[in-house]
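Structure file query36.txt with compact mmCIF, C-alpha atoms:
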```txt
# COMPACT_ATOMS: atom_id res chain seq x y z
CA MET A 7 0.00 0.00 0.00
CA LEU A 8 2.80 2.35 1.03
CA VAL A 9 4.75 1.45 -2.09
CA SER A 10 1.83 2.15 -4.43
CA ARG A 11 1.13 5.49 -2.71
CA THR A 12 4.79 6.44 -3.06
CA LEU A 13 4.70 5.48 -6.72
CA LEU A 14 1.57 7.58 -7.25
CA VAL A 15 3.12 10.63 -5.58
CA THR A 16 6.33 10.20 -7.56
CA PHE A 17 4.37 9.93 -10.81
CA GLY A 18 2.36 13.04 -9.93
CA LEU A 19 5.50 15.03 -9.14
CA ALA A 20 7.16 13.87 -12.36
CA LEU A 21 4.08 14.86 -14.37
CA ALA A 22 3.99 18.31 -12.71
CA ALA A 23 7.69 18.82 -13.29
CA SER A 24 7.32 17.81 -16.92
CA TRP A 25 4.42 20.26 -17.42
CA ALA A 26 6.27 23.08 -15.67
CA GLY A 27 9.38 22.41 -17.75
CA SER A 28 7.55 22.52 -21.04
CA ALA A 29 5.67 25.68 -20.03
CA ALA A 30 8.91 27.43 -19.13
CA ALA A 31 10.64 26.36 -22.32
CA TYR A 32 7.94 27.12 -24.86
CA HIS A 33 9.38 26.79 -28.32
CA THR A 34 8.10 26.28 -31.82
CA ARG A 35 10.01 24.94 -34.79
CA PHE A 36 8.93 27.58 -37.29
CA VAL A 37 12.31 29.28 -37.50
CA ALA A 38 14.29 26.03 -37.35
CA ASP A 39 12.19 24.38 -40.06
CA ASN A 40 11.64 27.29 -42.43
CA CYS A 41 14.06 30.17 -42.06
CA ASN A 42 17.48 30.77 -43.57
CA TYR A 43 20.49 33.06 -43.28
CA ALA A 44 20.99 33.81 -46.97
CA ALA A 45 22.87 36.96 -47.90
CA PRO A 46 20.71 39.93 -48.87
CA THR A 47 20.70 41.30 -52.42
CA PRO A 48 21.96 44.85 -52.81
CA ALA A 49 19.46 46.98 -54.73
CA SER A 50 19.76 50.39 -56.32
CA PHE A 51 16.22 51.24 -57.45
CA ILE A 52 13.84 51.06 -54.52
CA THR A 53 10.43 52.69 -54.38
CA ARG A 54 7.99 53.37 -51.58
CA ASP A 55 5.33 51.38 -53.47
CA GLY A 56 7.75 48.47 -53.69
CA SER A 57 8.28 48.55 -49.97
CA ALA A 58 4.53 48.71 -49.42
CA ALA A 59 4.25 45.51 -51.45
CA VAL A 60 6.94 43.90 -49.27
CA ALA A 61 5.01 44.98 -46.17
CA LEU A 62 1.73 43.54 -47.48
CA ARG A 63 3.30 40.11 -47.81
CA ALA A 64 3.74 40.10 -44.03
CA ARG A 65 0.06 40.93 -43.50
CA TYR A 66 -1.85 38.28 -41.49
CA GLU A 67 1.42 36.54 -40.63
CA GLY A 68 2.51 36.26 -37.02
CA TYR A 69 4.43 38.38 -34.58
CA GLN A 70 7.64 37.28 -32.89
CA TRP A 71 9.59 39.35 -30.35
CA GLY A 72 13.09 39.69 -31.80
CA GLY A 73 11.94 37.80 -34.90
CA GLY A 74 12.32 38.50 -38.58
CA CYS A 75 11.18 35.56 -40.68
CA TRP A 76 7.76 34.85 -42.15
CA ASN A 77 6.12 33.07 -45.06
CA ASP A 78 3.16 34.29 -47.10
CA ASN A 79 0.29 31.96 -46.24
CA ASP A 80 -1.80 34.60 -44.45
CA ARG A 81 -1.82 32.92 -41.05
CA ASP A 82 0.40 32.76 -37.98
CA ASP A 83 2.09 29.38 -38.08
CA ALA A 84 3.31 29.77 -34.50
CA PRO A 85 0.48 31.40 -32.55
CA GLY A 86 0.49 32.06 -28.82
CA ASP A 87 4.20 32.68 -28.21
CA PRO A 88 4.98 34.11 -24.79
CA HIS A 89 5.50 37.84 -25.24
CA GLU A 90 8.91 39.54 -25.01
CA ASP A 91 10.69 36.21 -25.35
CA PRO A 92 13.02 36.23 -28.38
CA GLY A 93 13.92 32.57 -28.13
CA THR A 94 10.62 30.88 -28.96
CA GLY A 95 11.34 30.41 -32.66
CA GLY A 96 7.97 31.65 -33.92
CA GLU A 97 6.82 33.19 -37.18
CA GLY A 98 6.87 36.91 -37.88
CA GLY A 99 8.81 40.01 -37.10
CA ASP A 100 8.44 42.40 -34.22
CA CYS A 101 7.72 46.04 -34.92
CA SER A 102 11.31 47.16 -35.44
CA GLY A 103 12.38 44.00 -37.26
CA PHE A 104 9.41 44.45 -39.60
CA ALA A 105 10.36 48.09 -40.30
CA PHE A 106 14.01 47.12 -40.89
CA LYS A 107 13.10 44.46 -43.44
CA VAL A 108 10.41 46.50 -45.20
CA TRP A 109 12.74 49.48 -45.43
CA ARG A 110 15.35 47.08 -46.83
CA GLU A 111 18.16 48.30 -44.64
CA PRO A 112 21.67 46.84 -44.30
CA LEU A 113 23.04 45.40 -41.05
CA ASP A 114 25.85 47.97 -40.98
CA THR A 115 24.37 51.05 -39.33
CA ALA A 116 26.88 53.27 -41.15
CA ASP A 117 25.58 52.09 -44.54
CA ALA A 118 22.50 53.76 -46.06
CA SER A 119 22.16 51.53 -49.13
CA PHE A 120 19.23 49.21 -49.86
CA HIS A 121 19.35 45.46 -49.30
CA GLN A 122 16.54 43.09 -50.22
CA TRP A 123 15.96 40.35 -47.67
CA GLY A 124 14.04 37.20 -48.49
CA LEU A 125 10.77 36.65 -46.58
CA LEU A 126 12.23 33.57 -44.95
CA ARG A 127 15.58 35.17 -44.18
CA PHE A 128 15.73 35.37 -40.37
CA VAL A 129 16.92 38.88 -39.67
CA HIS A 130 15.90 41.48 -37.12
CA GLY A 131 18.47 44.18 -37.75
CA PRO A 132 20.30 46.43 -35.32
CA TYR A 133 17.51 48.87 -34.43
CA THR A 134 14.94 48.93 -31.65
CA ALA A 135 11.84 51.12 -31.90
CA ALA A 136 13.56 53.68 -29.67
CA ALA A 137 16.61 53.71 -31.93
CA PHE A 138 14.39 54.30 -34.99
CA LYS A 139 12.57 57.06 -33.07
CA ALA A 140 15.90 58.81 -32.56
CA GLY A 141 16.79 58.46 -36.24
CA ALA A 142 19.72 56.16 -35.44
CA GLY A 143 21.69 54.72 -38.34
CA ALA A 144 22.82 56.22 -41.64
CA PRO A 145 19.60 55.41 -43.56
CA ASN A 146 17.22 56.97 -41.05
CA VAL A 147 16.30 60.54 -40.13
CA THR A 148 13.68 62.12 -37.92
CA VAL A 149 11.20 64.35 -39.72
CA SER A 150 8.22 66.48 -38.77
CA LYS A 151 5.08 64.37 -38.37
CA SER A 152 3.18 66.75 -40.64
CA THR A 153 5.42 65.79 -43.58
CA LEU A 154 5.03 62.01 -43.30
CA ILE A 155 3.98 60.16 -46.44
CA LYS A 156 3.56 56.53 -47.49
CA MET A 157 6.14 54.18 -45.96
CA ASP A 158 7.46 56.79 -43.53
CA ALA A 159 7.11 55.73 -39.91
CA LEU A 160 5.79 56.81 -36.55
CA ALA A 161 7.95 55.55 -33.70
CA SER A 162 7.75 55.70 -29.92
CA ASP A 163 10.10 54.37 -27.24
CA SER A 164 8.49 50.95 -27.56
CA HIS A 165 6.80 50.71 -30.97
CA ILE A 166 7.12 51.61 -34.63
CA GLY A 167 4.53 51.43 -37.40
CA LEU A 168 4.70 52.40 -41.09
CA VAL A 169 2.29 54.79 -42.76
CA TYR A 170 0.34 52.83 -45.38
CA ALA A 171 -2.17 55.56 -46.20
CA VAL A 172 -3.51 58.75 -44.70
CA ASN A 173 -7.24 58.85 -43.92
CA PRO A 174 -9.35 61.92 -44.78
CA ASP A 175 -9.85 62.65 -41.07
CA GLY A 176 -6.08 62.94 -40.53
CA SER A 177 -5.63 59.55 -38.90
CA ASP A 178 -3.36 57.01 -40.58
CA GLN A 179 -3.66 53.50 -41.84
CA ILE A 180 -0.60 51.98 -40.23
CA ILE A 181 0.93 48.68 -41.28
CA GLU A 182 2.72 47.24 -38.28
CA ALA A 183 3.77 44.14 -36.38
CA LYS A 184 1.67 44.92 -33.36
CA GLY A 185 2.00 42.06 -30.91
CA GLU A 186 1.60 38.35 -30.39
CA ALA A 187 -2.14 38.67 -29.91
CA TYR A 188 -2.57 40.79 -33.04
CA GLY A 189 0.06 39.70 -35.54
CA THR A 190 0.94 41.95 -38.48
CA ASN A 191 -1.77 43.92 -40.23
CA ILE A 192 -3.12 47.36 -41.20
CA TRP A 193 -5.04 49.33 -38.60
CA THR A 194 -6.28 52.91 -38.37
CA ARG A 195 -4.18 54.66 -35.73
CA THR A 196 -3.81 58.13 -34.26
CA TYR A 197 -0.07 57.85 -33.53
CA ARG A 198 0.52 61.08 -35.45
CA GLY A 199 -1.40 63.01 -32.79
CA SER A 200 0.38 61.36 -29.87
CA SER A 201 3.29 63.17 -28.24
CA SER A 202 4.92 59.77 -27.60
CA TYR A 203 5.46 59.27 -31.32
CA SER A 204 7.99 60.93 -33.62
CA GLY A 205 8.20 60.94 -37.40
CA VAL A 206 10.97 58.84 -38.95
CA ARG A 207 11.98 58.50 -42.59
CA ARG A 208 14.12 55.99 -44.42
CA THR A 209 16.16 58.06 -46.89
CA GLY A 210 17.33 57.30 -50.42
CA TRP A 211 14.11 56.21 -52.15
CA SER A 212 14.18 56.21 -55.96
CA SER A 213 10.53 57.31 -55.98
CA MET B 17 89.61 32.82 -17.72
CA GLU B 18 87.98 29.87 -19.39
CA PHE B 19 85.43 29.98 -16.60
CA LEU B 20 84.66 33.66 -17.37
CA SER B 21 84.39 33.09 -21.12
CA ARG B 22 81.63 30.62 -20.43
CA PHE B 23 79.58 33.55 -19.14
CA ALA B 24 80.45 35.90 -22.02
CA SER B 25 77.18 35.21 -23.75
CA LEU B 26 75.14 35.59 -20.54
CA PRO B 27 73.87 39.15 -21.29
CA LEU B 28 72.63 37.99 -24.67
CA CYS B 29 70.88 34.99 -23.14
CA LEU B 30 69.35 37.13 -20.44
CA GLY B 31 68.19 39.58 -23.07
CA VAL B 32 66.47 36.82 -25.03
CA VAL B 33 64.90 35.40 -21.87
CA LEU B 34 63.59 38.84 -20.85
CA ALA B 35 62.46 39.79 -24.34
CA LEU B 36 60.26 36.74 -24.81
CA PRO B 37 57.79 37.54 -22.06
CA LEU B 38 57.93 41.24 -22.92
CA GLY B 39 57.02 40.35 -26.48
CA CYS B 40 54.08 38.35 -25.16
CA VAL B 41 52.99 41.24 -22.97
CA ARG B 42 53.08 43.59 -25.93
CA ASP B 43 50.68 41.37 -27.88
CA ALA B 44 48.36 40.65 -24.97
CA PRO B 45 45.29 42.86 -24.35
CA ARG B 46 46.24 45.61 -21.93
CA THR B 47 44.31 46.59 -18.86
CA PRO B 48 42.85 50.01 -19.63
CA ALA B 49 44.53 52.89 -17.81
CA VAL B 50 41.64 55.35 -18.11
CA LEU B 51 37.87 55.41 -18.28
CA LEU B 52 35.91 57.09 -21.05
CA ASP B 53 35.90 60.40 -19.13
CA GLY B 54 39.71 60.39 -18.90
CA SER B 55 39.79 59.54 -15.20
CA THR B 56 42.21 56.89 -13.95
CA ALA B 57 40.88 53.35 -14.13
CA LEU B 58 41.14 51.92 -10.62
CA PRO B 59 40.71 48.36 -9.34
CA PRO B 60 37.59 47.60 -7.28
CA PRO B 61 37.81 48.06 -3.48
CA VAL B 62 37.64 44.31 -2.87
CA VAL B 63 39.04 41.29 -4.64
CA LEU B 64 36.29 39.65 -6.67
CA GLU B 65 36.27 35.91 -6.27
CA GLY B 66 36.44 33.92 -9.48
CA VAL B 67 37.44 36.83 -11.71
CA ASP B 68 40.83 35.76 -13.04
CA VAL B 69 41.63 38.81 -15.18
CA PRO B 70 42.62 42.35 -14.11
CA GLN B 71 39.63 44.33 -12.88
CA VAL B 72 38.66 47.93 -13.57
CA SER B 73 36.02 49.78 -11.56
CA THR B 74 33.50 51.75 -13.55
CA ARG B 75 32.41 55.08 -12.12
CA MET B 76 28.87 55.45 -10.77
CA ARG B 77 27.11 58.63 -9.72
CA VAL B 78 23.51 58.95 -8.52
CA THR B 79 21.83 62.28 -9.10
CA HIS B 80 18.43 63.94 -9.45
CA ASP B 81 19.87 66.64 -11.66
CA ARG B 82 18.01 66.82 -14.97
CA SER B 83 20.97 68.48 -16.66
CA HIS B 84 22.84 65.17 -16.45
CA VAL B 85 20.31 63.52 -18.77
CA PRO B 86 20.95 64.02 -22.51
CA GLY B 87 18.25 65.57 -24.67
CA LEU B 88 17.37 62.26 -26.29
CA CYS B 89 16.09 60.93 -22.96
CA ALA B 90 15.09 64.11 -21.18
CA SER B 91 11.46 64.09 -22.31
CA SER B 92 11.00 60.61 -20.79
CA MET B 93 12.36 61.62 -17.39
CA PRO B 94 9.88 62.22 -14.58
CA ALA B 95 10.52 65.17 -12.26
CA ARG B 96 12.96 64.30 -9.47
CA ALA B 97 13.75 60.91 -10.98
CA ARG B 98 16.75 59.13 -9.55
CA VAL B 99 19.35 58.97 -12.32
CA VAL B 100 22.18 56.45 -12.21
CA GLU B 101 25.14 57.62 -14.31
CA ARG B 102 27.77 55.06 -15.20
CA THR B 103 31.09 55.55 -16.96
CA GLY B 104 33.11 52.59 -18.13
CA VAL B 105 36.07 52.08 -20.42
CA THR B 106 34.26 52.22 -23.77
CA GLY B 107 30.74 53.31 -22.85
CA ALA B 108 28.73 55.53 -20.57
CA SER B 109 25.04 55.56 -19.76
CA VAL B 110 22.31 57.06 -17.63
CA THR B 111 19.45 54.88 -16.34
CA PHE B 112 16.24 56.00 -14.66
CA PHE B 113 12.75 54.67 -14.02
CA GLY B 114 9.95 56.15 -16.12
CA ARG B 115 6.67 57.56 -14.91
CA GLY B 116 4.89 55.20 -12.53
CA GLU B 117 7.94 52.92 -12.67
CA ARG B 118 6.28 50.92 -15.43
CA GLY B 119 9.46 51.03 -17.46
CA VAL B 120 13.10 51.93 -17.35
CA HIS B 121 15.01 54.24 -19.69
CA ALA B 122 18.67 54.52 -20.63
CA CYS B 123 20.70 56.81 -22.80
CA ASP B 124 23.93 55.22 -24.00
CA ALA B 125 27.01 57.02 -25.24
CA THR B 126 30.53 56.30 -26.41
CA GLU B 127 31.87 59.84 -26.07
CA LEU B 128 31.64 62.34 -23.25
CA ASP B 129 31.95 66.06 -22.86
CA GLY B 130 34.04 66.18 -19.71
CA SER B 131 32.33 63.74 -17.37
CA ARG B 132 28.82 64.11 -18.80
CA ILE B 133 26.94 62.65 -21.70
CA GLN B 134 26.01 65.54 -23.94
CA ARG B 135 25.13 63.57 -27.02
CA SER B 136 23.72 60.09 -26.70
CA CYS B 137 23.96 57.55 -29.50
CA VAL B 138 20.85 55.63 -28.50
CA HIS B 139 17.89 55.62 -26.15
CA ALA B 140 16.71 52.32 -24.69
CA PHE B 141 13.39 51.58 -23.06
CA GLY B 142 12.39 48.41 -21.22
CA ARG B 143 8.99 47.47 -19.85
CA LEU B 144 8.89 46.26 -16.25
CA GLU B 145 6.69 43.46 -15.00
CA GLY B 146 6.79 43.09 -11.24
CA ARG B 147 9.90 45.30 -11.26
CA ARG B 148 11.66 42.83 -13.56
CA LEU B 149 12.69 43.42 -17.15
CA ARG B 150 11.55 40.67 -19.48
CA ASP B 151 14.22 41.69 -21.98
CA PRO B 152 17.69 43.20 -21.40
CA ARG B 153 17.10 45.73 -24.23
CA LEU B 154 20.26 45.27 -26.21
CA SER B 155 21.55 48.25 -28.20
CA ILE B 156 24.30 47.76 -30.78
CA THR B 157 24.17 51.03 -32.72
CA CYS B 158 26.84 52.93 -30.73
CA ARG B 159 30.42 52.99 -32.01
CA ASP B 160 33.69 53.83 -30.32
CA ASP B 161 36.44 56.18 -31.60
CA ASP B 162 37.77 53.43 -33.86
CA GLY B 163 34.36 52.82 -35.37
CA GLU B 164 33.94 49.53 -33.54
CA PRO B 165 30.42 48.81 -32.24
CA VAL B 166 29.81 48.79 -28.50
CA ALA B 167 26.87 46.80 -27.13
CA PHE B 168 24.81 47.94 -24.15
CA ALA B 169 22.24 45.96 -22.15
CA TRP B 170 20.69 45.88 -18.71
CA THR B 171 21.26 43.18 -16.18
CA GLN B 172 19.28 42.94 -12.94
CA PRO B 173 21.56 41.55 -10.26
CA ASP B 174 20.38 39.65 -7.24
CA ARG B 175 19.37 41.87 -4.28
CA THR B 176 22.38 40.61 -2.33
CA ALA B 177 24.85 41.55 -5.05
CA ALA B 178 27.07 44.57 -4.44
CA TYR B 179 29.17 44.24 -7.59
CA VAL B 180 28.62 43.06 -11.14
CA ALA B 181 31.68 42.11 -13.20
CA VAL B 182 31.55 41.85 -16.98
CA GLU B 183 34.46 40.14 -18.68
CA GLN B 184 35.98 42.09 -21.55
CA GLN B 185 38.97 41.23 -23.73
CA GLY B 186 41.72 40.65 -21.15
CA TYR B 187 40.10 42.48 -18.24
CA ALA B 188 36.80 42.82 -16.40
CA GLU B 189 34.71 45.93 -15.88
CA VAL B 190 33.20 46.12 -12.41
CA TYR B 191 29.93 47.91 -11.73
CA ALA B 192 28.63 48.77 -8.27
CA ALA B 193 24.98 47.75 -7.85
CA SER B 194 22.52 50.54 -7.05
CA GLY B 195 19.36 49.35 -5.31
CA THR B 196 16.82 47.89 -7.70
CA THR B 197 17.92 49.96 -10.68
CA PRO B 198 19.02 47.67 -13.51
CA VAL B 199 22.74 47.93 -14.28
CA ARG B 200 23.55 49.04 -17.84
CA VAL B 201 26.64 47.10 -18.91
CA THR B 202 28.72 47.00 -22.09
CA THR B 203 30.58 44.44 -24.16
CA SER B 204 32.32 44.16 -27.48
CA ARG B 205 31.34 40.49 -27.79
CA MET B 206 28.60 40.72 -30.39
CA ASP B 207 27.51 39.21 -33.68
CA LEU B 208 26.24 41.96 -35.96
CA ALA B 209 24.93 39.45 -38.52
CA THR B 210 22.40 38.14 -36.01
CA SER B 211 22.10 41.34 -33.93
CA ARG B 212 23.09 39.49 -30.74
CA ALA B 213 25.59 40.04 -27.95
CA THR B 214 26.90 37.95 -25.09
CA PHE B 215 27.75 39.45 -21.71
CA ALA B 216 29.92 37.23 -19.47
CA ILE B 217 28.69 38.31 -16.05
CA SER B 218 29.45 37.44 -12.45
CA GLU B 219 27.69 38.86 -9.39
CA HIS B 220 29.52 39.36 -6.11
CA ALA B 221 28.68 40.12 -2.48
CA ARG B 222 30.04 43.17 -0.65
CA ASP B 223 33.13 41.21 0.41
CA GLY B 224 33.74 40.09 -3.17
CA ALA B 225 32.44 36.55 -2.72
CA LEU B 226 31.08 35.07 -5.94
CA LEU B 227 27.28 34.72 -5.83
CA HIS B 228 26.80 33.39 -9.33
CA SER B 229 28.03 33.79 -12.88
CA TYR B 230 26.23 33.47 -16.19
CA ASP B 231 26.27 34.47 -19.85
CA LEU B 232 23.59 37.03 -20.65
CA GLU B 233 22.60 36.32 -24.24
CA ALA B 234 20.79 39.34 -25.62
CA ARG B 235 19.16 40.06 -28.97
CA VAL B 236 18.01 43.33 -30.47
CA SER B 237 14.22 43.28 -30.33
CA GLY B 238 11.13 45.42 -30.13
```
Can the structure in the file be given as structure tokens, please?
Amino acid sequence: MLVSRTLLVTFGLALAASWAGSAAAYHTRFVADNCNYAAPTPASFITRDGSAAVALRARYEGYQWGGGCWNDNDRDDAPGDPHEDPGTGGEGGDCSGFAFKVWREPLDTADASFHQWGLLRFVHGPYTAAAFKAGAGAPNVTVSKSTLIKMDALASDSHIGLVYAVNPDGSDQIIEAKGEAYGTNIWTRTYRGSSSYSGVRRTGWSS
Amino acid sequence: MEFLSRFASLPLCLGVVLALPLGCVRDAPRTPAVLLDGSTALPPPVVLEGVDVPQVSTRMRVTHDRSHVPGLCASSMPARARVVERTGVTGASVTFFGRGERGVHACDATELDGSRIQRSCVHAFGRLEGRRLRDPRLSITCRDDDGEPVAFAWTQPDRTAAYVAVEQQGYAEVYAASGTTPVRVTTSRMDLATSRATFAISEHARDGALLHSYDLEARVSG
């Protein structure tokens, strides 16, 4: 009787430990199974409309803190990642990784040229939202919010979104990697009117 | 005479013997003599257990003076915020809690005007949950005088830790802990291709005893 009770308790503890372990080490295989580290392609003729098209391919894909790799099947293949955990291997970019890739920036912050990254190339880039907000890096400058046009950005200390279109009422349609619960999509936002947000522009567009 | 001639080549031999280690010393990483503000780099007040390389104390100053916070961060600073200024060998920073202590801010710099940061190269912001950062908020966009990138990140030492040591190339930078304020540390150990950095950290008690050591693996995110 004592032996069977001991066995039952041991089994219960093992089960609990196993559950706790898997909860603490949440991980998906999206990045491991799908993403690559291919070199980017330097590009000389880059347009804002072209970057908008790149951004739209990320629409309905997932969100991954510290991420930068997604496919184009219009769903999050790794939903429910714990937030602010860069090691879970899920699909999607975070806000700054999304902006970096859509703006086709190089890894070298002193270089302002354009680099095309494949959708499945895992890359986040060197900038946080706060760094973009400050206009850090050779390609990026801060600009007045009243001058923002398509594919310029609004950035705060903790978030960045790209202007997809301006609404007649002055609000913006922002394309952004918003969060694990939201993914990447276009939403109407009033960031332009918020004192937390600054205007940021990627320089060097061909048109 | 024959006995003396045996020692004729002694100076040459001694020269070779002395030159070998000197040659090694010349190639080895040197312990920095000064901090970024030009002040003398001093060893920490206690011997840190388990740190086997020369140690350099970083300078820490706690102030409420708004003029010590560079413009890039000033708008985020609440009135009378407690500002922790740190000056190391290659980097300097200010750290303070934001309004309502829901987040923490830093301005990082790799050049100083005198002892103060006048122009910051990046602003970092980290959200707090239960006074803990979920992410160390790595910044890799600052560069030193030689154009080499310098990485900054926060670590949150154990409450019992008085010192945090971060191993650099051939020496360790030592930071004094300051209450619950996260400690902004630097390293040159980074991989720009993956936007990651590794901070080799050890935490020590007031008497220098080793509490624990770990590698803080940080990625640029958010």
Leaving out range 193-198 of chain B and any residue of its chain fewer than 5 positions from it, which residues lie within 7 Å of it when counting all atoms listed in the file, given as a VMD selection string?
-> chain B and resid 170 to 172 177 to 180
Residues of chain B within 12 Å of chain A, counting all atoms listed in the file, as a ChimeraX atom specification = /B:87-89,91-92,114,119-124,135-145,149-159,163-167,206-213,233-238
Using only C-alpha atoms, please write the residues we just selected to a file, as a CSV table (one decimal), in the frame of the given file.
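Done, and the output landed in part-v4.csv:
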```csv
chain,number,residue,atom,x,y,z
B,87,GLY,CA,18.2,65.6,-24.7
B,88,LEU,CA,17.4,62.3,-26.3
B,89,CYS,CA,16.1,60.9,-23.0
B,91,SER,CA,11.5,64.1,-22.3
B,92,SER,CA,11.0,60.6,-20.8
B,114,GLY,CA,10.0,56.2,-16.1
B,119,GLY,CA,9.5,51.0,-17.5
B,120,VAL,CA,13.1,51.9,-17.4
B,121,HIS,CA,15.0,54.2,-19.7
B,122,ALA,CA,18.7,54.5,-20.6
B,123,CYS,CA,20.7,56.8,-22.8
B,124,ASP,CA,23.9,55.2,-24.0
B,135,ARG,CA,25.1,63.6,-27.0
B,136,SER,CA,23.7,60.1,-26.7
B,137,CYS,CA,24.0,57.6,-29.5
B,138,VAL,CA,20.8,55.6,-28.5
B,139,HIS,CA,17.9,55.6,-26.2
B,140,ALA,CA,16.7,52.3,-24.7
B,141,PHE,CA,13.4,51.6,-23.1
B,142,GLY,CA,12.4,48.4,-21.2
B,143,ARG,CA,9.0,47.5,-19.8
B,144,LEU,CA,8.9,46.3,-16.2
B,145,GLU,CA,6.7,43.5,-15.0
B,149,LEU,CA,12.7,43.4,-17.2
B,150,ARG,CA,11.6,40.7,-19.5
B,151,ASP,CA,14.2,41.7,-22.0
B,152,PRO,CA,17.7,43.2,-21.4
B,153,ARG,CA,17.1,45.7,-24.2
B,154,LEU,CA,20.3,45.3,-26.2
B,155,SER,CA,21.6,48.2,-28.2
B,156,ILE,CA,24.3,47.8,-30.8
B,157,THR,CA,24.2,51.0,-32.7
B,158,CYS,CA,26.8,52.9,-30.7
B,159,ARG,CA,30.4,53.0,-32.0
B,163,GLY,CA,34.4,52.8,-35.4
B,164,GLU,CA,33.9,49.5,-33.5
B,165,PRO,CA,30.4,48.8,-32.2
B,166,VAL,CA,29.8,48.8,-28.5
B,167,ALA,CA,26.9,46.8,-27.1
B,206,MET,CA,28.6,40.7,-30.4
B,207,ASP,CA,27.5,39.2,-33.7
B,208,LEU,CA,26.2,42.0,-36.0
B,209,ALA,CA,24.9,39.4,-38.5
B,210,THR,CA,22.4,38.1,-36.0
B,211,SER,CA,22.1,41.3,-33.9
B,212,ARG,CA,23.1,39.5,-30.7
B,213,ALA,CA,25.6,40.0,-28.0
B,233,GLU,CA,22.6,36.3,-24.2
B,234,ALA,CA,20.8,39.3,-25.6
B,235,ARG,CA,19.2,40.1,-29.0
B,236,VAL,CA,18.0,43.3,-30.5
B,237,SER,CA,14.2,43.3,-30.3
B,238,GLY,CA,11.1,45.4,-30.1
```
In Å, with one decimal, what is the gap from CA of Ala58 in chain A to CA of Arg207 in chain A?
-> 14.1 Å
For Val172 in chain A: contacts at 12 Å, only C-alpha atoms, fewer than 3 positions along chain excluded, given as a ChimeraX atom specification = /A:152-158,168-169,175-181,192-198
Residue with smallest distance to Thr148 in chain A - pool A:Thr34, A:Ser57, A:Ser204, A:Asn79, counting all atoms listed in the file =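 Of A:Thr34, A:Ser57, A:Ser204, A:Asn79, the one nearest Thr148 in chain A, counting all atoms listed in the file, is A:Ser204.
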In file coordinates, which residues lie within 10 Å of (34.2, 66.7, -18.2) using all atoms listed in the file, given as an MDAnalysis selection string?
-> chainID B and resid 53:55 128:133
